[in-house]
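Below: one structure, written as structure tokens.
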Amino acid sequence: MILLIFRQLFDPQSSTYTYLLADKSSRDAILIDPVFEQAHRDMALIHELNLHLCLVADTHVHADHVTGSGLLRYRLHCEIAVSKQSGAMGGDIQFDDGDTLKFGSRFLKVLATPGHTNGCSTFVLDDESMAFTGDCLLIRGCGRTDFQQGSPEKMFESVREKIFALPDECLLYPGHDYKGATVSSVGEEKLYNPRLGKGISLNDFTGYMNNLGLAHPNKIDVAVRANMKCGVMDSSVMDLEEQDWAPLTLTYAGFWEVQPLWLEEHIADVQIIDVREPDEYEGILGHIPRSHLMPLGNLVESSALLDKSRPVVTVCRSGARSTQATVQLKKAGFSKVANLSGGMLRWRAERLPVQALTE
């Protein structure tokens with residue numbers, strides 16, 4: 001069996017899990033349930049793992065967040081897969097019960113598991129070792145059934161006849177969790193799920209679900225409308241968060257970076273702030289021409305001397321301290337800020353010009 005690359009990602013605002021799976025041999029990848037606000041994070045991880053995103057797939061039409069599918073297709077030219085039963089428009093692939101979603105030599109099998117919505121689906125890995133249940137079966141719980149074609153009868157049938165028919169050792173990865181749990185298994189949920197475990201009857205379940213009394217999600221109006229179009233928006237909206245003053249990359253840790261060669265060609269166009277100590281600035285690594293020394297400990301006070309309308313690139317020895325400098329500058333009101341990737345170590349390794357070297 002071809003080895004699998006797997007990452008479980010989390011959006012704290014909506015408590016949504018996003019899942020990245022890739023064929024380790026071909027590097028082809030699929031992303032399940034992406035969140036619009038986390039698209040830069042997802043793209044950074046895909047880039048850092050040297051993957052090719054061929055498909056994004058939503059388990060259902062979400063009501064609590066806007067999917068990142070449209071944005072990811074716009075940026076990475078992947079395809080969007082959506083359930084035929086969801087009624088969502090704008091996807092490239094409309095899947096149905098029993099279909100497969102391929103990434104390299106691996107695939108996910110689609111199980112139609114309606115109940116939360118008509119289009120809810122569970123994705124099962126080809127060897128049945130993992131299943132991604134969306135909002136149908138959660139860890140020790142399940143999705144709500146009181147709006148968007150919700151039906152406790154359908155959900156009960158979906159869980160009992162589809163998900164619980166998988167091997168007991170099959171790991172279950174939900175679309176959400178609100179208490180910090182990350183993974184369960186078919187066997188565990190059969191035994192311990194208080195709503196859908198083996199000892200629970202249909203009458204028990206419907207009575208429970210019909211009396212939850214939950215408020216509707218805060219983003220339901222915006223999210224459902226956007227997700228019925230697979231999160232596809234006007235290109236100008238999708239470009240809003242781009243920083244177009246340089247060809248920046250976003251690291252998985254969440255920091256914008258600029259590459260040394262670009263900076264060397266644009267030294268006159270930006271403010272270069274070296275956040276090392278004075279002895280380092282004048283030391284063996286030297287410093288970048290036209291850079292300004294502002295040690296990290298005094299950066300907030302010193303930043304009053306900078307022009308907020310011009311881009312700022314922060315520099316240190318390795319690129320570690322200068323990432324913290326970008327955080328401080330953004331809090332101080334600077335909107336165009338990036339870190340020099342690799343710091344002075346990489347700058348010197350690429351034989352770019354330096355000043356004030358000591359022998």
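FYI, nothing fancy with the structure tokens labels: chains A, B, ... in order, residues from 1 per chain, ligands from 1 as they appear.
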Would you return as a PDB file with N, CA and C atoms, in the first residue's frame the members of stretch 13-156 of chain A that DSSP assigns to strand (DSSP E or B) on this structure's backbone?
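Result file selection.pdb:
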ATOM      1  N   THR A  16     -13.950  23.942  13.338  1.00  0.00           N
ATOM      2  CA  THR A  16     -13.991  23.048  12.179  1.00  0.00           C
ATOM      3  C   THR A  16     -12.654  22.347  11.989  1.00  0.00           C
ATOM      4  N   TYR A  17     -12.709  21.055  11.714  1.00  0.00           N
ATOM      5  CA  TYR A  17     -11.524  20.308  11.315  1.00  0.00           C
ATOM      6  C   TYR A  17     -11.443  20.251   9.791  1.00  0.00           C
ATOM      7  N   THR A  18     -10.250  20.513   9.278  1.00  0.00           N
ATOM      8  CA  THR A  18      -9.925  20.351   7.870  1.00  0.00           C
ATOM      9  C   THR A  18      -8.890  19.240   7.771  1.00  0.00           C
ATOM     10  N   TYR A  19      -9.019  18.392   6.765  1.00  0.00           N
ATOM     11  CA  TYR A  19      -8.125  17.236   6.649  1.00  0.00           C
ATOM     12  C   TYR A  19      -7.399  17.242   5.315  1.00  0.00           C
ATOM     13  N   LEU A  20      -6.079  17.083   5.394  1.00  0.00           N
ATOM     14  CA  LEU A  20      -5.232  16.989   4.211  1.00  0.00           C
ATOM     15  C   LEU A  20      -4.704  15.573   4.099  1.00  0.00           C
ATOM     16  N   LEU A  21      -4.950  14.933   2.955  1.00  0.00           N
ATOM     17  CA  LEU A  21      -4.427  13.598   2.684  1.00  0.00           C
ATOM     18  C   LEU A  21      -3.681  13.644   1.361  1.00  0.00           C
ATOM     19  N   ALA A  22      -2.570  12.938   1.291  1.00  0.00           N
ATOM     20  CA  ALA A  22      -1.793  12.922   0.054  1.00  0.00           C
ATOM     21  C   ALA A  22      -1.134  11.565  -0.143  1.00  0.00           C
ATOM     22  N   ASP A  23      -1.027  11.176  -1.385  1.00  0.00           N
ATOM     23  CA  ASP A  23      -0.282   9.992  -1.803  1.00  0.00           C
ATOM     24  C   ASP A  23       1.202  10.352  -1.713  1.00  0.00           C
ATOM     25  N   ASP A  28       0.162  13.810  -4.909  1.00  0.00           N
ATOM     26  CA  ASP A  28      -1.189  14.312  -5.166  1.00  0.00           C
ATOM     27  C   ASP A  28      -1.979  14.325  -3.863  1.00  0.00           C
ATOM     28  N   ALA A  29      -2.770  15.385  -3.654  1.00  0.00           N
ATOM     29  CA  ALA A  29      -3.440  15.573  -2.376  1.00  0.00           C
ATOM     30  C   ALA A  29      -4.906  15.922  -2.547  1.00  0.00           C
ATOM     31  N   ILE A  30      -5.664  15.657  -1.488  1.00  0.00           N
ATOM     32  CA  ILE A  30      -7.063  16.054  -1.395  1.00  0.00           C
ATOM     33  C   ILE A  30      -7.241  16.768  -0.059  1.00  0.00           C
ATOM     34  N   LEU A  31      -8.060  17.818  -0.044  1.00  0.00           N
ATOM     35  CA  LEU A  31      -8.328  18.578   1.170  1.00  0.00           C
ATOM     36  C   LEU A  31      -9.823  18.506   1.459  1.00  0.00           C
ATOM     37  N   ILE A  32     -10.167  18.105   2.682  1.00  0.00           N
ATOM     38  CA  ILE A  32     -11.555  17.922   3.078  1.00  0.00           C
ATOM     39  C   ILE A  32     -11.989  19.068   3.994  1.00  0.00           C
ATOM     40  N   VAL A  35     -11.678  25.822   5.270  1.00  0.00           N
ATOM     41  CA  VAL A  35     -12.330  27.029   5.779  1.00  0.00           C
ATOM     42  C   VAL A  35     -11.730  28.237   5.069  1.00  0.00           C
ATOM     43  N   HIS A  52       0.792  18.476  -4.487  1.00  0.00           N
ATOM     44  CA  HIS A  52      -0.044  19.008  -5.554  1.00  0.00           C
ATOM     45  C   HIS A  52      -1.496  18.778  -5.168  1.00  0.00           C
ATOM     46  N   LEU A  53      -2.208  19.850  -4.864  1.00  0.00           N
ATOM     47  CA  LEU A  53      -3.613  19.721  -4.480  1.00  0.00           C
ATOM     48  C   LEU A  53      -4.437  19.509  -5.735  1.00  0.00           C
ATOM     49  N   CYS A  54      -4.985  18.314  -5.878  1.00  0.00           N
ATOM     50  CA  CYS A  54      -5.773  18.028  -7.069  1.00  0.00           C
ATOM     51  C   CYS A  54      -7.276  18.152  -6.813  1.00  0.00           C
ATOM     52  N   LEU A  55      -7.698  18.097  -5.541  1.00  0.00           N
ATOM     53  CA  LEU A  55      -9.130  18.075  -5.257  1.00  0.00           C
ATOM     54  C   LEU A  55      -9.406  18.653  -3.878  1.00  0.00           C
ATOM     55  N   VAL A  56     -10.473  19.461  -3.782  1.00  0.00           N
ATOM     56  CA  VAL A  56     -11.031  19.869  -2.493  1.00  0.00           C
ATOM     57  C   VAL A  56     -12.457  19.333  -2.436  1.00  0.00           C
ATOM     58  N   ALA A  57     -12.844  18.812  -1.273  1.00  0.00           N
ATOM     59  CA  ALA A  57     -14.163  18.186  -1.152  1.00  0.00           C
ATOM     60  C   ALA A  57     -14.808  18.599   0.158  1.00  0.00           C
ATOM     61  N   THR A  67     -16.874  27.821   3.062  1.00  0.00           N
ATOM     62  CA  THR A  67     -15.853  26.892   2.595  1.00  0.00           C
ATOM     63  C   THR A  67     -14.725  27.623   1.871  1.00  0.00           C
ATOM     64  N   GLU A  79      -9.632  20.959  -8.454  1.00  0.00           N
ATOM     65  CA  GLU A  79     -11.047  20.784  -8.733  1.00  0.00           C
ATOM     66  C   GLU A  79     -11.837  20.738  -7.428  1.00  0.00           C
ATOM     67  N   ILE A  80     -13.110  21.108  -7.518  1.00  0.00           N
ATOM     68  CA  ILE A  80     -14.013  21.068  -6.367  1.00  0.00           C
ATOM     69  C   ILE A  80     -14.964  19.897  -6.538  1.00  0.00           C
ATOM     70  N   ALA A  81     -15.073  19.092  -5.468  1.00  0.00           N
ATOM     71  CA  ALA A  81     -16.008  17.977  -5.464  1.00  0.00           C
ATOM     72  C   ALA A  81     -17.095  18.250  -4.431  1.00  0.00           C
ATOM     73  N   VAL A  82     -18.351  18.063  -4.840  1.00  0.00           N
ATOM     74  CA  VAL A  82     -19.488  18.346  -3.958  1.00  0.00           C
ATOM     75  C   VAL A  82     -20.572  17.312  -4.205  1.00  0.00           C
ATOM     76  N   SER A  83     -21.367  17.023  -3.196  1.00  0.00           N
ATOM     77  CA  SER A  83     -22.424  16.030  -3.328  1.00  0.00           C
ATOM     78  C   SER A  83     -23.496  16.458  -4.332  1.00  0.00           C
ATOM     79  N   ILE A  93     -16.921  18.383  -9.824  1.00  0.00           N
ATOM     80  CA  ILE A  93     -17.304  16.975  -9.699  1.00  0.00           C
ATOM     81  C   ILE A  93     -18.505  16.890  -8.764  1.00  0.00           C
ATOM     82  N   GLN A  94     -19.569  16.264  -9.208  1.00  0.00           N
ATOM     83  CA  GLN A  94     -20.721  16.013  -8.349  1.00  0.00           C
ATOM     84  C   GLN A  94     -20.734  14.526  -8.018  1.00  0.00           C
ATOM     85  N   PHE A  95     -20.453  14.208  -6.773  1.00  0.00           N
ATOM     86  CA  PHE A  95     -20.353  12.812  -6.398  1.00  0.00           C
ATOM     87  C   PHE A  95     -21.652  12.299  -5.780  1.00  0.00           C
ATOM     88  N   THR A 100     -15.962   7.370  -5.987  1.00  0.00           N
ATOM     89  CA  THR A 100     -14.632   7.486  -5.400  1.00  0.00           C
ATOM     90  C   THR A 100     -14.003   8.823  -5.774  1.00  0.00           C
ATOM     91  N   LEU A 101     -13.249   9.376  -4.845  1.00  0.00           N
ATOM     92  CA  LEU A 101     -12.504  10.610  -5.055  1.00  0.00           C
ATOM     93  C   LEU A 101     -11.029  10.243  -5.013  1.00  0.00           C
ATOM     94  N   LYS A 102     -10.354  10.349  -6.153  1.00  0.00           N
ATOM     95  CA  LYS A 102      -8.991   9.844  -6.275  1.00  0.00           C
ATOM     96  C   LYS A 102      -7.961  10.942  -6.053  1.00  0.00           C
ATOM     97  N   PHE A 103      -6.848  10.565  -5.403  1.00  0.00           N
ATOM     98  CA  PHE A 103      -5.676  11.434  -5.292  1.00  0.00           C
ATOM     99  C   PHE A 103      -4.458  10.525  -5.419  1.00  0.00           C
ATOM    100  N   ARG A 106      -4.306   6.594  -4.387  1.00  0.00           N
ATOM    101  CA  ARG A 106      -5.230   6.403  -3.278  1.00  0.00           C
ATOM    102  C   ARG A 106      -6.590   6.987  -3.629  1.00  0.00           C
ATOM    103  N   PHE A 107      -7.604   6.625  -2.845  1.00  0.00           N
ATOM    104  CA  PHE A 107      -8.933   7.197  -3.083  1.00  0.00           C
ATOM    105  C   PHE A 107      -9.759   7.159  -1.811  1.00  0.00           C
ATOM    106  N   LEU A 108     -10.775   8.016  -1.793  1.00  0.00           N
ATOM    107  CA  LEU A 108     -11.792   8.010  -0.754  1.00  0.00           C
ATOM    108  C   LEU A 108     -13.093   7.511  -1.368  1.00  0.00           C
ATOM    109  N   LYS A 109     -13.770   6.617  -0.678  1.00  0.00           N
ATOM    110  CA  LYS A 109     -15.076   6.154  -1.120  1.00  0.00           C
ATOM    111  C   LYS A 109     -16.148   7.005  -0.453  1.00  0.00           C
ATOM    112  N   VAL A 110     -17.150   7.389  -1.231  1.00  0.00           N
ATOM    113  CA  VAL A 110     -18.226   8.240  -0.725  1.00  0.00           C
ATOM    114  C   VAL A 110     -19.355   7.382  -0.169  1.00  0.00           C
ATOM    115  N   LEU A 111     -19.724   7.662   1.079  1.00  0.00           N
ATOM    116  CA  LEU A 111     -20.947   7.100   1.653  1.00  0.00           C
ATOM    117  C   LEU A 111     -21.944   8.234   1.839  1.00  0.00           C
ATOM    118  N   ALA A 112     -23.113   8.124   1.237  1.00  0.00           N
ATOM    119  CA  ALA A 112     -24.149   9.126   1.466  1.00  0.00           C
ATOM    120  C   ALA A 112     -24.688   8.938   2.884  1.00  0.00           C
ATOM    121  N   SER A 121     -22.136  13.661   3.429  1.00  0.00           N
ATOM    122  CA  SER A 121     -21.410  12.474   2.986  1.00  0.00           C
ATOM    123  C   SER A 121     -20.297  12.161   3.962  1.00  0.00           C
ATOM    124  N   THR A 122     -19.972  10.887   4.062  1.00  0.00           N
ATOM    125  CA  THR A 122     -18.815  10.418   4.805  1.00  0.00           C
ATOM    126  C   THR A 122     -17.810   9.877   3.801  1.00  0.00           C
ATOM    127  N   PHE A 123     -16.546  10.267   3.948  1.00  0.00           N
ATOM    128  CA  PHE A 123     -15.490   9.817   3.045  1.00  0.00           C
ATOM    129  C   PHE A 123     -14.665   8.738   3.745  1.00  0.00           C
ATOM    130  N   VAL A 124     -14.560   7.572   3.120  1.00  0.00           N
ATOM    131  CA  VAL A 124     -13.858   6.440   3.715  1.00  0.00           C
ATOM    132  C   VAL A 124     -12.594   6.154   2.912  1.00  0.00           C
ATOM    133  N   LEU A 125     -11.440   6.102   3.595  1.00  0.00           N
ATOM    134  CA  LEU A 125     -10.183   5.803   2.915  1.00  0.00           C
ATOM    135  C   LEU A 125     -10.233   4.402   2.316  1.00  0.00           C
ATOM    136  N   MET A 130      -9.638   4.760   7.895  1.00  0.00           N
ATOM    137  CA  MET A 130     -10.042   6.093   8.325  1.00  0.00           C
ATOM    138  C   MET A 130     -11.342   6.463   7.630  1.00  0.00           C
ATOM    139  N   ALA A 131     -12.178   7.253   8.325  1.00  0.00           N
ATOM    140  CA  ALA A 131     -13.390   7.792   7.719  1.00  0.00           C
ATOM    141  C   ALA A 131     -13.593   9.209   8.229  1.00  0.00           C
ATOM    142  N   PHE A 132     -14.053  10.073   7.345  1.00  0.00           N
ATOM    143  CA  PHE A 132     -14.248  11.487   7.646  1.00  0.00           C
ATOM    144  C   PHE A 132     -15.746  11.761   7.592  1.00  0.00           C
ATOM    145  N   THR A 133     -16.338  11.975   8.779  1.00  0.00           N
ATOM    146  CA  THR A 133     -17.787  11.910   8.926  1.00  0.00           C
ATOM    147  C   THR A 133     -18.497  13.257   8.824  1.00  0.00           C
ATOM    148  N   GLY A 134     -17.749  14.343   8.625  1.00  0.00           N
ATOM    149  CA  GLY A 134     -18.395  15.639   8.511  1.00  0.00           C
ATOM    150  C   GLY A 134     -19.226  15.947   9.742  1.00  0.00           C
ATOM    151  N   LEU A 137     -21.742  12.062  12.143  1.00  0.00           N
ATOM    152  CA  LEU A 137     -21.352  11.483  13.424  1.00  0.00           C
ATOM    153  C   LEU A 137     -20.171  12.257  13.987  1.00  0.00           C
ATOM    154  N   LEU A 138     -20.349  12.833  15.167  1.00  0.00           N
ATOM    155  CA  LEU A 138     -19.277  13.518  15.868  1.00  0.00           C
ATOM    156  C   LEU A 138     -18.757  12.600  16.977  1.00  0.00           C
ATOM    157  N   GLY A 141     -21.231  12.268  19.880  1.00  0.00           N
ATOM    158  CA  GLY A 141     -22.358  13.119  19.541  1.00  0.00           C
ATOM    159  C   GLY A 141     -22.711  12.990  18.073  1.00  0.00           C
ATOM    160  N   CYS A 142     -23.418  13.993  17.546  1.00  0.00           N
ATOM    161  CA  CYS A 142     -23.774  14.008  16.127  1.00  0.00           C
ATOM    162  C   CYS A 142     -24.159  15.430  15.748  1.00  0.00           C
TER     163      CYS A 142
END
Residues near stretch 339-346 of chain A, cut-off 8 Å, only C-alpha atoms, skip fewer than 3 positions along chain, as number ranges by chain:
A: 255-260, 285, 287, 313-320, 322-323, 326, 349-350
Selection export as a CSV table (one decimal), in the first residue's frame, atoms kept: N, CA and C atoms:
chain,number,residue,atom,x,y,z
A,255,PHE,N,3.5,33.3,9.2
A,255,PHE,CA,4.3,34.5,9.0
A,255,PHE,C,4.5,34.8,7.5
A,256,TRP,N,4.3,36.0,7.1
A,256,TRP,CA,4.6,36.4,5.7
A,256,TRP,C,6.1,36.5,5.5
A,257,GLU,N,6.7,36.0,4.4
A,257,GLU,CA,8.1,36.0,4.2
A,257,GLU,C,8.4,36.5,2.8
A,258,VAL,N,9.6,37.2,2.7
A,258,VAL,CA,10.1,37.6,1.4
A,258,VAL,C,11.4,36.9,1.1
A,259,GLN,N,11.7,36.7,-0.1
A,259,GLN,CA,12.9,35.9,-0.4
A,259,GLN,C,14.1,36.9,-0.6
A,260,PRO,N,15.3,36.4,-0.3
A,260,PRO,CA,16.5,37.3,-0.4
A,260,PRO,C,16.7,37.9,-1.7
A,285,LEU,N,28.6,38.5,10.4
A,285,LEU,CA,27.7,38.3,9.3
A,285,LEU,C,27.4,39.6,8.6
A,287,HIS,N,25.7,43.4,7.8
A,287,HIS,CA,24.2,43.7,7.7
A,287,HIS,C,23.9,44.1,6.2
A,313,VAL,N,10.6,45.2,5.8
A,313,VAL,CA,11.1,43.8,5.9
A,313,VAL,C,12.0,43.7,7.1
A,314,THR,N,11.7,42.7,8.0
A,314,THR,CA,12.5,42.6,9.2
A,314,THR,C,13.5,41.5,9.0
A,315,VAL,N,14.7,41.7,9.7
A,315,VAL,CA,15.8,40.8,9.5
A,315,VAL,C,16.5,40.5,10.8
A,316,CYS,N,16.9,39.2,11.0
A,316,CYS,CA,17.8,38.9,12.1
A,316,CYS,C,18.8,37.9,11.6
A,317,ARG,N,19.4,37.1,12.6
A,317,ARG,CA,20.4,36.2,12.2
A,317,ARG,C,19.8,35.0,11.3
A,318,SER,N,18.8,34.4,11.8
A,318,SER,CA,18.2,33.2,11.2
A,318,SER,C,16.8,33.3,10.7
A,319,GLY,N,16.2,34.4,11.0
A,319,GLY,CA,14.8,34.6,10.7
A,319,GLY,C,13.8,34.3,11.8
A,320,ALA,N,14.3,34.0,13.0
A,320,ALA,CA,13.5,33.6,14.1
A,320,ALA,C,13.0,34.9,14.9
A,322,SER,N,13.1,37.9,13.9
A,322,SER,CA,12.5,38.8,13.0
A,322,SER,C,11.0,38.5,12.7
A,323,THR,N,10.6,37.2,13.0
A,323,THR,CA,9.2,36.8,12.8
A,323,THR,C,8.4,37.5,14.0
A,326,THR,N,7.7,41.1,13.2
A,326,THR,CA,6.6,41.3,12.3
A,326,THR,C,5.3,41.4,13.1
A,349,ALA,N,24.7,33.1,2.6
A,349,ALA,CA,24.8,31.9,1.8
A,349,ALA,C,24.6,32.1,0.3
A,350,GLU,N,23.7,33.1,0.0
A,350,GLU,CA,23.4,33.4,-1.4
A,350,GLU,C,24.3,34.5,-1.9
Identify, on the basis of only C-alpha atoms, every residue whose closest approach to A:Phe334 does not exceed 10 Å; exclude the query and any residue fewer than 4 positions from it along the same chain; express the result as a PyMOL selection string.
chain A and resi 303+306-312+326-330
I need the residues from that last selection saved to file as a PDB file, in the first residue's frame (with N, CA and C atoms), if you can.
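Result file follows (out_31.pdb):
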ATOM      1  N   SER A 303       9.882  52.088  16.299  1.00  0.00           N
ATOM      2  CA  SER A 303       9.071  52.048  15.081  1.00  0.00           C
ATOM      3  C   SER A 303       8.375  53.382  14.794  1.00  0.00           C
ATOM      4  N   LEU A 306       9.543  55.067  11.687  1.00  0.00           N
ATOM      5  CA  LEU A 306       9.303  54.456  10.384  1.00  0.00           C
ATOM      6  C   LEU A 306       8.079  55.056   9.698  1.00  0.00           C
ATOM      7  N   ASP A 307       8.044  54.881   8.397  1.00  0.00           N
ATOM      8  CA  ASP A 307       6.931  55.358   7.573  1.00  0.00           C
ATOM      9  C   ASP A 307       5.932  54.213   7.403  1.00  0.00           C
ATOM     10  N   LYS A 308       4.738  54.359   7.963  1.00  0.00           N
ATOM     11  CA  LYS A 308       3.750  53.287   7.900  1.00  0.00           C
ATOM     12  C   LYS A 308       3.201  53.057   6.495  1.00  0.00           C
ATOM     13  N   SER A 309       3.410  53.988   5.611  1.00  0.00           N
ATOM     14  CA  SER A 309       2.898  53.833   4.239  1.00  0.00           C
ATOM     15  C   SER A 309       3.833  52.999   3.361  1.00  0.00           C
ATOM     16  N   ARG A 310       5.063  52.760   3.817  1.00  0.00           N
ATOM     17  CA  ARG A 310       6.032  51.997   3.041  1.00  0.00           C
ATOM     18  C   ARG A 310       6.199  50.596   3.614  1.00  0.00           C
ATOM     19  N   PRO A 311       6.435  49.596   2.769  1.00  0.00           N
ATOM     20  CA  PRO A 311       6.631  48.224   3.253  1.00  0.00           C
ATOM     21  C   PRO A 311       7.859  48.108   4.162  1.00  0.00           C
ATOM     22  N   VAL A 312       7.774  47.177   5.107  1.00  0.00           N
ATOM     23  CA  VAL A 312       8.860  46.915   6.042  1.00  0.00           C
ATOM     24  C   VAL A 312       9.263  45.443   5.933  1.00  0.00           C
ATOM     25  N   THR A 326       7.725  41.065  13.159  1.00  0.00           N
ATOM     26  CA  THR A 326       6.569  41.327  12.286  1.00  0.00           C
ATOM     27  C   THR A 326       5.288  41.391  13.102  1.00  0.00           C
ATOM     28  N   VAL A 327       5.183  40.550  14.134  1.00  0.00           N
ATOM     29  CA  VAL A 327       3.997  40.572  14.999  1.00  0.00           C
ATOM     30  C   VAL A 327       3.894  41.914  15.715  1.00  0.00           C
ATOM     31  N   GLN A 328       5.013  42.376  16.264  1.00  0.00           N
ATOM     32  CA  GLN A 328       5.005  43.651  16.987  1.00  0.00           C
ATOM     33  C   GLN A 328       4.669  44.814  16.070  1.00  0.00           C
ATOM     34  N   LEU A 329       5.206  44.800  14.867  1.00  0.00           N
ATOM     35  CA  LEU A 329       4.953  45.903  13.936  1.00  0.00           C
ATOM     36  C   LEU A 329       3.501  45.924  13.476  1.00  0.00           C
ATOM     37  N   LYS A 330       2.915  44.764  13.264  1.00  0.00           N
ATOM     38  CA  LYS A 330       1.506  44.731  12.875  1.00  0.00           C
ATOM     39  C   LYS A 330       0.619  45.265  13.988  1.00  0.00           C
TER      40      LYS A 330
END
Could you list, as a PyMOL selection string, every residue within 10 Å of A:Trp245, counting only C-alpha atoms and ignoring same-chain residues fewer than 2 positions away?
chain A and resi 242-243+247-248+269-270+310-311+336-337
Contacts of stretch 186-192 of chain A within 6 Å, only C-alpha atoms, excl. fewer than 2 positions in-chain, as an mmCIF file with N, CA and C atoms, in the first residue's frame:
data_model
loop_
_atom_site.group_PDB
_atom_site.id
_atom_site.type_symbol
_atom_site.label_atom_id
_atom_site.label_comp_id
_atom_site.auth_asym_id
_atom_site.auth_seq_id
_atom_site.Cartn_x
_atom_site.Cartn_y
_atom_site.Cartn_z
ATOM 1 N N ASP A 168 -14.710 -2.041 13.176
ATOM 2 C CA ASP A 168 -14.656 -1.391 14.483
ATOM 3 C C ASP A 168 -13.382 -0.581 14.669
ATOM 4 N N CYS A 170 -11.799 1.102 12.431
ATOM 5 C CA CYS A 170 -11.740 2.264 11.530
ATOM 6 C C CYS A 170 -11.782 3.549 12.352
ATOM 7 N N PRO A 194 -23.581 8.650 23.295
ATOM 8 C CA PRO A 194 -24.810 8.709 24.086
ATOM 9 C C PRO A 194 -26.071 8.943 23.263
ATOM 10 N N GLY A 197 -25.305 5.215 20.139
ATOM 11 C CA GLY A 197 -24.713 3.942 20.481
ATOM 12 C C GLY A 197 -25.681 2.786 20.287
ATOM 13 N N LYS A 198 -25.154 1.590 20.327
ATOM 14 C CA LYS A 198 -25.938 0.406 19.968
ATOM 15 C C LYS A 198 -27.193 0.217 20.816
#
Just checking: using only C-alpha atoms, which residue out of A:Pro278, A:Cys230, A:Asp99, A:Glu48 ends up closest to A:Tyr74?
A:Cys230
So, with only C-alpha atoms as the atoms that count, which of A:Ser151, A:Ser185, A:Asn227, A:Asn218 lies closest to A:Asp33?
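Between A:Ser151, A:Ser185, A:Asn227, A:Asn218, the residue approaching A:Asp33 most closely is A:Asn227.
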Which one of A:Lys219, A:His176, A:His65, A:His40 sits closest to A:Ala253 if you count only C-alpha atoms?
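The shortest atom-to-atom distance to A:Ala253 comes from A:His40.
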